[in-house]
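Novice: Supplied structure: data_14.cif, mmCIF, N, CA and C atoms.
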```cif
data_final
#
loop_
_atom_site.group_PDB
_atom_site.id
_atom_site.type_symbol
_atom_site.label_atom_id
_atom_site.label_comp_id
_atom_site.auth_asym_id
_atom_site.auth_seq_id
_atom_site.Cartn_x
_atom_site.Cartn_y
_atom_site.Cartn_z
ATOM 1 N N MET A 1 10.105 18.654 -19.302
ATOM 2 C CA MET A 1 9.122 17.650 -19.645
ATOM 3 C C MET A 1 8.358 17.259 -18.394
ATOM 4 N N TRP A 2 7.060 17.222 -18.479
ATOM 5 C CA TRP A 2 6.204 16.872 -17.353
ATOM 6 C C TRP A 2 5.783 15.422 -17.454
ATOM 7 N N GLY A 3 5.334 14.865 -16.355
ATOM 8 C CA GLY A 3 4.829 13.503 -16.375
ATOM 9 C C GLY A 3 5.700 12.580 -15.557
ATOM 10 N N THR A 4 5.451 11.316 -15.734
ATOM 11 C CA THR A 4 6.146 10.282 -14.979
ATOM 12 C C THR A 4 7.260 9.693 -15.822
ATOM 13 N N PRO A 5 8.462 9.558 -15.260
ATOM 14 C CA PRO A 5 9.524 8.896 -16.024
ATOM 15 C C PRO A 5 9.081 7.499 -16.442
ATOM 16 N N LYS A 6 9.585 7.047 -17.572
ATOM 17 C CA LYS A 6 9.156 5.761 -18.127
ATOM 18 C C LYS A 6 9.332 4.597 -17.164
ATOM 19 N N ASN A 7 10.372 4.630 -16.360
ATOM 20 C CA ASN A 7 10.672 3.478 -15.518
ATOM 21 C C ASN A 7 10.099 3.593 -14.107
ATOM 22 N N GLN A 8 9.226 4.557 -13.861
ATOM 23 C CA GLN A 8 8.657 4.714 -12.527
ATOM 24 C C GLN A 8 7.146 4.654 -12.593
ATOM 25 N N THR A 9 6.561 4.095 -11.560
ATOM 26 C CA THR A 9 5.117 4.059 -11.475
ATOM 27 C C THR A 9 4.614 5.322 -10.791
ATOM 28 N N ARG A 10 3.428 5.717 -11.122
ATOM 29 C CA ARG A 10 2.867 6.908 -10.500
ATOM 30 C C ARG A 10 2.018 6.556 -9.294
ATOM 31 N N LEU A 11 1.892 5.277 -8.976
ATOM 32 C CA LEU A 11 1.111 4.851 -7.825
ATOM 33 C C LEU A 11 1.940 4.928 -6.562
ATOM 34 N N ARG A 12 1.314 5.393 -5.506
ATOM 35 C CA ARG A 12 1.912 5.382 -4.184
ATOM 36 C C ARG A 12 0.879 4.774 -3.262
ATOM 37 N N PHE A 13 1.321 3.917 -2.375
ATOM 38 C CA PHE A 13 0.419 3.243 -1.474
ATOM 39 C C PHE A 13 0.506 3.909 -0.120
ATOM 40 N N VAL A 14 -0.615 4.439 0.327
ATOM 41 C CA VAL A 14 -0.647 5.200 1.579
ATOM 42 C C VAL A 14 -1.728 4.628 2.484
ATOM 43 N N GLN A 15 -1.622 4.967 3.732
ATOM 44 C CA GLN A 15 -2.641 4.587 4.697
ATOM 45 C C GLN A 15 -2.892 5.770 5.617
ATOM 46 N N ASP A 16 -4.019 5.766 6.271
ATOM 47 C CA ASP A 16 -4.369 6.892 7.132
ATOM 48 C C ASP A 16 -4.007 6.654 8.593
ATOM 49 N N SER A 17 -3.120 5.727 8.856
ATOM 50 C CA SER A 17 -2.797 5.385 10.242
ATOM 51 C C SER A 17 -2.131 6.533 10.994
ATOM 52 N N ASP A 18 -1.453 7.434 10.314
ATOM 53 C CA ASP A 18 -0.837 8.572 11.008
ATOM 54 C C ASP A 18 -1.898 9.405 11.719
ATOM 55 N N GLU A 19 -3.030 9.630 11.060
ATOM 56 C CA GLU A 19 -4.111 10.406 11.657
ATOM 57 C C GLU A 19 -4.739 9.657 12.822
ATOM 58 N N ILE A 20 -4.879 8.346 12.669
ATOM 59 C CA ILE A 20 -5.453 7.530 13.747
ATOM 60 C C ILE A 20 -4.527 7.542 14.952
ATOM 61 N N LEU A 21 -3.228 7.364 14.709
ATOM 62 C CA LEU A 21 -2.269 7.386 15.815
ATOM 63 C C LEU A 21 -2.273 8.735 16.523
ATOM 64 N N ALA A 22 -2.315 9.806 15.757
ATOM 65 C CA ALA A 22 -2.329 11.147 16.355
ATOM 66 C C ALA A 22 -3.588 11.359 17.201
ATOM 67 N N ALA A 23 -4.728 10.908 16.701
ATOM 68 C CA ALA A 23 -5.982 11.062 17.452
ATOM 69 C C ALA A 23 -5.946 10.262 18.750
ATOM 70 N N LEU A 24 -5.422 9.033 18.688
ATOM 71 C CA LEU A 24 -5.323 8.222 19.907
ATOM 72 C C LEU A 24 -4.345 8.834 20.904
ATOM 73 N N GLU A 25 -3.220 9.341 20.417
ATOM 74 C CA GLU A 25 -2.240 9.965 21.310
ATOM 75 C C GLU A 25 -2.835 11.205 21.977
ATOM 76 N N HIS A 26 -3.593 11.986 21.206
ATOM 77 C CA HIS A 26 -4.245 13.182 21.753
ATOM 78 C C HIS A 26 -5.273 12.781 22.807
ATOM 79 N N ALA A 27 -6.083 11.770 22.505
ATOM 80 C CA ALA A 27 -7.087 11.303 23.457
ATOM 81 C C ALA A 27 -6.426 10.779 24.728
ATOM 82 N N LEU A 28 -5.321 10.072 24.580
ATOM 83 C CA LEU A 28 -4.606 9.529 25.734
ATOM 84 C C LEU A 28 -4.045 10.648 26.602
ATOM 85 N N ALA A 29 -3.538 11.681 25.988
ATOM 86 C CA ALA A 29 -2.947 12.789 26.737
ATOM 87 C C ALA A 29 -3.986 13.480 27.618
ATOM 88 N N ASP A 30 -5.231 13.529 27.172
ATOM 89 C CA ASP A 30 -6.289 14.230 27.904
ATOM 90 C C ASP A 30 -7.217 13.284 28.669
ATOM 91 N N ALA A 31 -6.930 12.001 28.662
ATOM 92 C CA ALA A 31 -7.856 11.019 29.229
ATOM 93 C C ALA A 31 -7.776 10.950 30.749
ATOM 94 N N PRO A 32 -8.941 10.739 31.362
ATOM 95 C CA PRO A 32 -8.928 10.466 32.805
ATOM 96 C C PRO A 32 -8.273 9.111 33.063
ATOM 97 N N GLU A 33 -7.795 8.905 34.251
ATOM 98 C CA GLU A 33 -7.051 7.694 34.600
ATOM 99 C C GLU A 33 -7.830 6.418 34.276
ATOM 100 N N ALA A 34 -9.119 6.413 34.438
ATOM 101 C CA ALA A 34 -9.927 5.213 34.196
ATOM 102 C C ALA A 34 -9.940 4.814 32.714
ATOM 103 N N GLU A 35 -9.791 5.776 31.815
ATOM 104 C CA GLU A 35 -9.816 5.488 30.376
ATOM 105 C C GLU A 35 -8.437 5.173 29.793
ATOM 106 N N ARG A 36 -7.395 5.493 30.525
ATOM 107 C CA ARG A 36 -6.035 5.352 29.997
ATOM 108 C C ARG A 36 -5.662 3.921 29.587
ATOM 109 N N PRO A 37 -5.971 2.889 30.381
ATOM 110 C CA PRO A 37 -5.576 1.530 29.965
ATOM 111 C C PRO A 37 -6.170 1.128 28.608
ATOM 112 N N GLY A 38 -7.420 1.447 28.384
ATOM 113 C CA GLY A 38 -8.053 1.109 27.107
ATOM 114 C C GLY A 38 -7.441 1.871 25.946
ATOM 115 N N LEU A 39 -7.174 3.150 26.151
ATOM 116 C CA LEU A 39 -6.555 3.953 25.094
ATOM 117 C C LEU A 39 -5.119 3.501 24.829
ATOM 118 N N GLU A 40 -4.406 3.116 25.870
ATOM 119 C CA GLU A 40 -3.036 2.602 25.686
ATOM 120 C C GLU A 40 -3.052 1.316 24.861
ATOM 121 N N ARG A 41 -4.020 0.435 25.124
ATOM 122 C CA ARG A 41 -4.141 -0.798 24.335
ATOM 123 C C ARG A 41 -4.493 -0.473 22.882
ATOM 124 N N ALA A 42 -5.415 0.469 22.697
ATOM 125 C CA ALA A 42 -5.803 0.859 21.335
ATOM 126 C C ALA A 42 -4.617 1.453 20.585
ATOM 127 N N LEU A 43 -3.819 2.252 21.255
ATOM 128 C CA LEU A 43 -2.643 2.849 20.628
ATOM 129 C C LEU A 43 -1.623 1.771 20.259
ATOM 130 N N ALA A 44 -1.437 0.791 21.122
ATOM 131 C CA ALA A 44 -0.508 -0.307 20.830
ATOM 132 C C ALA A 44 -0.986 -1.104 19.614
ATOM 133 N N VAL A 45 -2.270 -1.365 19.537
ATOM 134 C CA VAL A 45 -2.826 -2.093 18.388
ATOM 135 C C VAL A 45 -2.647 -1.283 17.112
ATOM 136 N N ALA A 46 -2.915 0.011 17.172
ATOM 137 C CA ALA A 46 -2.766 0.866 15.992
ATOM 138 C C ALA A 46 -1.317 0.898 15.508
ATOM 139 N N HIS A 47 -0.374 0.950 16.425
ATOM 140 C CA HIS A 47 1.045 0.914 16.039
ATOM 141 C C HIS A 47 1.383 -0.421 15.375
ATOM 142 N N ALA A 48 0.885 -1.504 15.953
ATOM 143 C CA ALA A 48 1.173 -2.836 15.416
ATOM 144 C C ALA A 48 0.532 -3.049 14.047
ATOM 145 N N ALA A 49 -0.577 -2.380 13.792
ATOM 146 C CA ALA A 49 -1.312 -2.583 12.536
ATOM 147 C C ALA A 49 -0.737 -1.782 11.369
ATOM 148 N N ARG A 50 0.177 -0.877 11.650
ATOM 149 C CA ARG A 50 0.783 -0.093 10.563
ATOM 150 C C ARG A 50 1.477 -1.032 9.584
ATOM 151 N N LEU A 51 1.263 -0.784 8.324
ATOM 152 C CA LEU A 51 1.860 -1.624 7.286
ATOM 153 C C LEU A 51 2.862 -0.810 6.487
ATOM 154 N N ASP A 52 3.927 -1.462 6.065
ATOM 155 C CA ASP A 52 4.891 -0.766 5.223
ATOM 156 C C ASP A 52 4.365 -0.706 3.787
ATOM 157 N N GLU A 53 4.985 0.118 2.975
ATOM 158 C CA GLU A 53 4.519 0.322 1.597
ATOM 159 C C GLU A 53 4.550 -0.969 0.784
ATOM 160 N N ASP A 54 5.542 -1.818 1.001
ATOM 161 C CA ASP A 54 5.621 -3.076 0.255
ATOM 162 C C ASP A 54 4.425 -3.984 0.559
ATOM 163 N N THR A 55 4.029 -4.032 1.827
ATOM 164 C CA THR A 55 2.871 -4.844 2.209
ATOM 165 C C THR A 55 1.593 -4.274 1.612
ATOM 166 N N LEU A 56 1.438 -2.952 1.669
ATOM 167 C CA LEU A 56 0.265 -2.317 1.061
ATOM 168 C C LEU A 56 0.219 -2.603 -0.438
ATOM 169 N N ARG A 57 1.364 -2.508 -1.089
ATOM 170 C CA ARG A 57 1.465 -2.761 -2.529
ATOM 171 C C ARG A 57 1.061 -4.197 -2.855
ATOM 172 N N THR A 58 1.581 -5.145 -2.075
ATOM 173 C CA THR A 58 1.266 -6.556 -2.296
ATOM 174 C C THR A 58 -0.218 -6.814 -2.117
ATOM 175 N N ARG A 59 -0.813 -6.257 -1.075
ATOM 176 C CA ARG A 59 -2.251 -6.439 -0.851
ATOM 177 C C ARG A 59 -3.069 -5.834 -1.989
ATOM 178 N N TRP A 60 -2.653 -4.660 -2.456
ATOM 179 C CA TRP A 60 -3.364 -4.012 -3.557
ATOM 180 C C TRP A 60 -3.282 -4.872 -4.819
ATOM 181 N N LEU A 61 -2.073 -5.335 -5.128
ATOM 182 C CA LEU A 61 -1.892 -6.183 -6.306
ATOM 183 C C LEU A 61 -2.730 -7.452 -6.208
ATOM 184 N N ASP A 62 -2.690 -8.110 -5.066
ATOM 185 C CA ASP A 62 -3.468 -9.337 -4.883
ATOM 186 C C ASP A 62 -4.955 -9.078 -5.090
ATOM 187 N N ALA A 63 -5.450 -7.975 -4.547
ATOM 188 C CA ALA A 63 -6.873 -7.644 -4.694
ATOM 189 C C ALA A 63 -7.224 -7.342 -6.148
ATOM 190 N N ARG A 64 -6.356 -6.581 -6.833
ATOM 191 C CA ARG A 64 -6.640 -6.234 -8.228
ATOM 192 C C ARG A 64 -6.621 -7.487 -9.100
ATOM 193 N N LEU A 65 -5.634 -8.365 -8.908
ATOM 194 C CA LEU A 65 -5.552 -9.594 -9.699
ATOM 195 C C LEU A 65 -6.728 -10.525 -9.384
ATOM 196 N N ALA A 66 -7.117 -10.591 -8.125
ATOM 197 C CA ALA A 66 -8.276 -11.422 -7.756
ATOM 198 C C ALA A 66 -9.558 -10.881 -8.384
ATOM 199 N N SER A 67 -9.641 -9.565 -8.568
ATOM 200 C CA SER A 67 -10.853 -8.967 -9.141
ATOM 201 C C SER A 67 -11.095 -9.403 -10.584
ATOM 202 N N VAL A 68 -10.043 -9.872 -11.251
ATOM 203 C CA VAL A 68 -10.189 -10.390 -12.623
ATOM 204 C C VAL A 68 -9.922 -11.897 -12.648
ATOM 205 N N ALA A 69 -10.031 -12.527 -11.479
ATOM 206 C CA ALA A 69 -9.911 -13.979 -11.315
ATOM 207 C C ALA A 69 -8.568 -14.535 -11.769
ATOM 208 N N PHE A 70 -7.504 -13.744 -11.634
ATOM 209 C CA PHE A 70 -6.167 -14.221 -11.977
ATOM 210 C C PHE A 70 -5.570 -14.939 -10.779
ATOM 211 N N THR A 71 -5.088 -16.152 -10.998
ATOM 212 C CA THR A 71 -4.492 -16.931 -9.917
ATOM 213 C C THR A 71 -3.111 -17.465 -10.282
ATOM 214 N N GLY A 72 -2.558 -17.018 -11.390
ATOM 215 C CA GLY A 72 -1.280 -17.534 -11.857
ATOM 216 C C GLY A 72 -0.086 -16.863 -11.219
ATOM 217 N N ASP A 73 1.056 -17.075 -11.832
ATOM 218 C CA ASP A 73 2.337 -16.547 -11.386
ATOM 219 C C ASP A 73 2.384 -15.034 -11.622
ATOM 220 N N HIS A 74 2.760 -14.292 -10.611
ATOM 221 C CA HIS A 74 2.852 -12.832 -10.745
ATOM 222 C C HIS A 74 3.990 -12.403 -11.665
ATOM 223 N N ASP A 75 4.893 -13.302 -11.927
ATOM 224 C CA ASP A 75 6.043 -13.001 -12.784
ATOM 225 C C ASP A 75 5.793 -13.567 -14.183
ATOM 226 N N SER A 76 4.658 -13.176 -14.769
ATOM 227 C CA SER A 76 4.295 -13.707 -16.084
ATOM 228 C C SER A 76 3.625 -12.632 -16.927
ATOM 229 N N VAL A 77 3.633 -12.876 -18.223
ATOM 230 C CA VAL A 77 2.952 -11.967 -19.147
ATOM 231 C C VAL A 77 1.457 -11.954 -18.841
ATOM 232 N N ALA A 78 0.909 -13.108 -18.468
ATOM 233 C CA ALA A 78 -0.515 -13.197 -18.140
ATOM 234 C C ALA A 78 -0.864 -12.305 -16.943
ATOM 235 N N ALA A 79 0.052 -12.204 -15.980
ATOM 236 C CA ALA A 79 -0.183 -11.338 -14.824
ATOM 237 C C ALA A 79 -0.224 -9.873 -15.246
ATOM 238 N N VAL A 80 0.665 -9.495 -16.138
ATOM 239 C CA VAL A 80 0.671 -8.115 -16.642
ATOM 240 C C VAL A 80 -0.656 -7.821 -17.337
ATOM 241 N N ARG A 81 -1.089 -8.742 -18.197
ATOM 242 C CA ARG A 81 -2.372 -8.577 -18.889
ATOM 243 C C ARG A 81 -3.529 -8.457 -17.893
ATOM 244 N N ALA A 82 -3.517 -9.328 -16.877
ATOM 245 C CA ALA A 82 -4.596 -9.314 -15.887
ATOM 246 C C ALA A 82 -4.612 -8.003 -15.095
ATOM 247 N N LEU A 83 -3.431 -7.533 -14.710
ATOM 248 C CA LEU A 83 -3.360 -6.279 -13.957
ATOM 249 C C LEU A 83 -3.855 -5.108 -14.799
ATOM 250 N N ARG A 84 -3.486 -5.099 -16.060
ATOM 251 C CA ARG A 84 -3.947 -4.011 -16.941
ATOM 252 C C ARG A 84 -5.443 -4.126 -17.220
ATOM 253 N N LYS A 85 -5.973 -5.340 -17.172
ATOM 254 C CA LYS A 85 -7.421 -5.509 -17.321
ATOM 255 C C LYS A 85 -8.123 -4.954 -16.076
ATOM 256 N N ALA A 86 -7.555 -5.230 -14.910
ATOM 257 C CA ALA A 86 -8.132 -4.746 -13.652
ATOM 258 C C ALA A 86 -7.982 -3.232 -13.508
ATOM 259 N N GLU A 87 -6.874 -2.709 -14.003
ATOM 260 C CA GLU A 87 -6.566 -1.271 -13.912
ATOM 261 C C GLU A 87 -6.183 -0.757 -15.298
ATOM 262 N N PRO A 88 -7.175 -0.474 -16.138
ATOM 263 C CA PRO A 88 -6.900 -0.106 -17.537
ATOM 264 C C PRO A 88 -6.048 1.155 -17.728
ATOM 265 N N THR A 89 -5.968 2.000 -16.720
ATOM 266 C CA THR A 89 -5.170 3.224 -16.892
ATOM 267 C C THR A 89 -3.674 2.993 -16.697
ATOM 268 N N LEU A 90 -3.286 1.810 -16.214
ATOM 269 C CA LEU A 90 -1.857 1.520 -16.049
ATOM 270 C C LEU A 90 -1.200 1.323 -17.404
ATOM 271 N N SER A 91 -0.039 1.901 -17.554
ATOM 272 C CA SER A 91 0.744 1.645 -18.757
ATOM 273 C C SER A 91 1.393 0.267 -18.632
ATOM 274 N N LEU A 92 1.899 -0.231 -19.723
ATOM 275 C CA LEU A 92 2.608 -1.505 -19.710
ATOM 276 C C LEU A 92 3.795 -1.443 -18.749
ATOM 277 N N THR A 93 4.545 -0.374 -18.828
ATOM 278 C CA THR A 93 5.721 -0.204 -17.966
ATOM 279 C C THR A 93 5.329 -0.186 -16.494
ATOM 280 N N GLU A 94 4.249 0.520 -16.165
ATOM 281 C CA GLU A 94 3.794 0.583 -14.775
ATOM 282 C C GLU A 94 3.359 -0.792 -14.275
ATOM 283 N N ALA A 95 2.613 -1.513 -15.092
ATOM 284 C CA ALA A 95 2.142 -2.838 -14.684
ATOM 285 C C ALA A 95 3.326 -3.775 -14.433
ATOM 286 N N VAL A 96 4.280 -3.777 -15.338
ATOM 287 C CA VAL A 96 5.469 -4.633 -15.164
ATOM 288 C C VAL A 96 6.211 -4.234 -13.896
ATOM 289 N N SER A 97 6.389 -2.945 -13.685
ATOM 290 C CA SER A 97 7.105 -2.451 -12.509
ATOM 291 C C SER A 97 6.396 -2.853 -11.216
ATOM 292 N N LEU A 98 5.093 -2.742 -11.187
ATOM 293 C CA LEU A 98 4.338 -3.099 -9.985
ATOM 294 C C LEU A 98 4.411 -4.588 -9.678
ATOM 295 N N LEU A 99 4.493 -5.408 -10.702
ATOM 296 C CA LEU A 99 4.524 -6.851 -10.500
ATOM 297 C C LEU A 99 5.901 -7.385 -10.126
ATOM 298 N N ARG A 100 6.922 -6.578 -10.316
ATOM 299 C CA ARG A 100 8.276 -6.991 -9.909
ATOM 300 C C ARG A 100 8.379 -6.942 -8.395
ATOM 301 N N PRO A 101 9.109 -7.889 -7.813
ATOM 302 C CA PRO A 101 9.283 -7.829 -6.354
ATOM 303 C C PRO A 101 9.987 -6.526 -5.973
ATOM 304 N N PRO A 102 9.601 -5.946 -4.844
ATOM 305 C CA PRO A 102 10.246 -4.700 -4.400
ATOM 306 C C PRO A 102 11.730 -4.919 -4.157
ATOM 307 N N LYS A 103 12.518 -3.913 -4.486
ATOM 308 C CA LYS A 103 13.958 -3.979 -4.223
ATOM 309 C C LYS A 103 14.174 -3.821 -2.723
ATOM 310 N N SER A 104 15.140 -4.557 -2.212
ATOM 311 C CA SER A 104 15.430 -4.461 -0.772
ATOM 312 C C SER A 104 15.985 -3.075 -0.467
ATOM 313 N N ARG A 105 15.673 -2.607 0.709
ATOM 314 C CA ARG A 105 16.114 -1.274 1.132
ATOM 315 C C ARG A 105 17.200 -1.427 2.192
ATOM 316 N N SER A 106 18.338 -1.944 1.813
ATOM 317 C CA SER A 106 19.398 -2.129 2.810
ATOM 318 C C SER A 106 20.301 -0.949 2.885
#
```
Let's see the structure in the file written out as structure tokens.
Specialist:
Amino acid sequence: MWGTPKNQTRLRFVQDSDEILAALEHALADAPEAERPGLERALAVAHAARLDEDTLRTRWLDARLASVAFTGDHDSVAAVRALRKAEPTLSLTEAVSLLRPPKSRS
């Protein structure tokens, strides 16, 4: 059987910071001494700006809910309705799953 299991969402939250970090590291490796301090600072900022998947997910959810002017509790039927209004291709199961707090990864 193909497709997504009923209890899993097909959304994955990604960022392009790996490419940015690689480009900065490459530039730093070949940089003249005068440019190195600036590139080192840029690399430190890029490392600090990396977000984990839970943070990306939360930001995405907040933006999608704000796009339909939802300001209520994320743990409500109204939130599920609002998310599905913002993203009509989400199934009910996916919307509920996305609105649940992420499980801790201990």
Novice: Calculate how many Å separate atom CA of A:Val96 from atom CA of A:Ser76, rounding to one decimal.
Specialist: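 So the answer is 9.2 Å.
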Novice: From a DSSP calculation on the backbone, collect every residue of chain A in helix (DSSP H, G or I) and output the set as a VMD selection string.
Specialist: chain A and resid 17 to 30 36 to 49 53 to 67 77 to 86 92 to 99
Novice: In Å to one decimal, how far is atom N of A:Asp54 from atom C of A:Thr89?
Specialist: 20.5 Å
Novice: Compile the contact shell of stretch 15-28 of chain A as a list in words: residues with an atom at most 6.5 Å away, counting all atoms listed in the file, same-chain residues fewer than 4 positions apart removed.
Specialist: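 Residues near the query, excluding close chain neighbours: Arg36, Leu39, Glu40 and Leu43 of chain A.
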Novice: Calculate how many Å separate atom CA of A:Pro101 from atom CA of A:Arg81, rounding to one decimal.
Specialist: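 Interatomic distance here is 17.1 Å.
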Novice: List the spatial neighbours of A:Arg84 as a VMD selection string - criterion: any atom at most 10 Å away, only C-alpha atoms, same-chain residues fewer than 6 positions off excluded.
Specialist: chain A and resid 64 to 65 68 78 90 to 92 94 to 96
Novice: Around stretch 48-54 of chain A, with edges along x, y and z and 8 Å added on all six sides, what centre and edge lengths do you get, in Å to one decimal, as JSON?
Specialist:
```
{"center_x": 2.2, "center_y": -1.8, "center_z": 8.1, "size_x": 22.9, "size_y": 20.3, "size_z": 31.7}
```
Novice: Nearest residue to A:Phe70 out of A:Arg41, A:Leu83, A:Lys103, A:Thr58, using all atoms listed in the file?
Specialist: A:Leu83
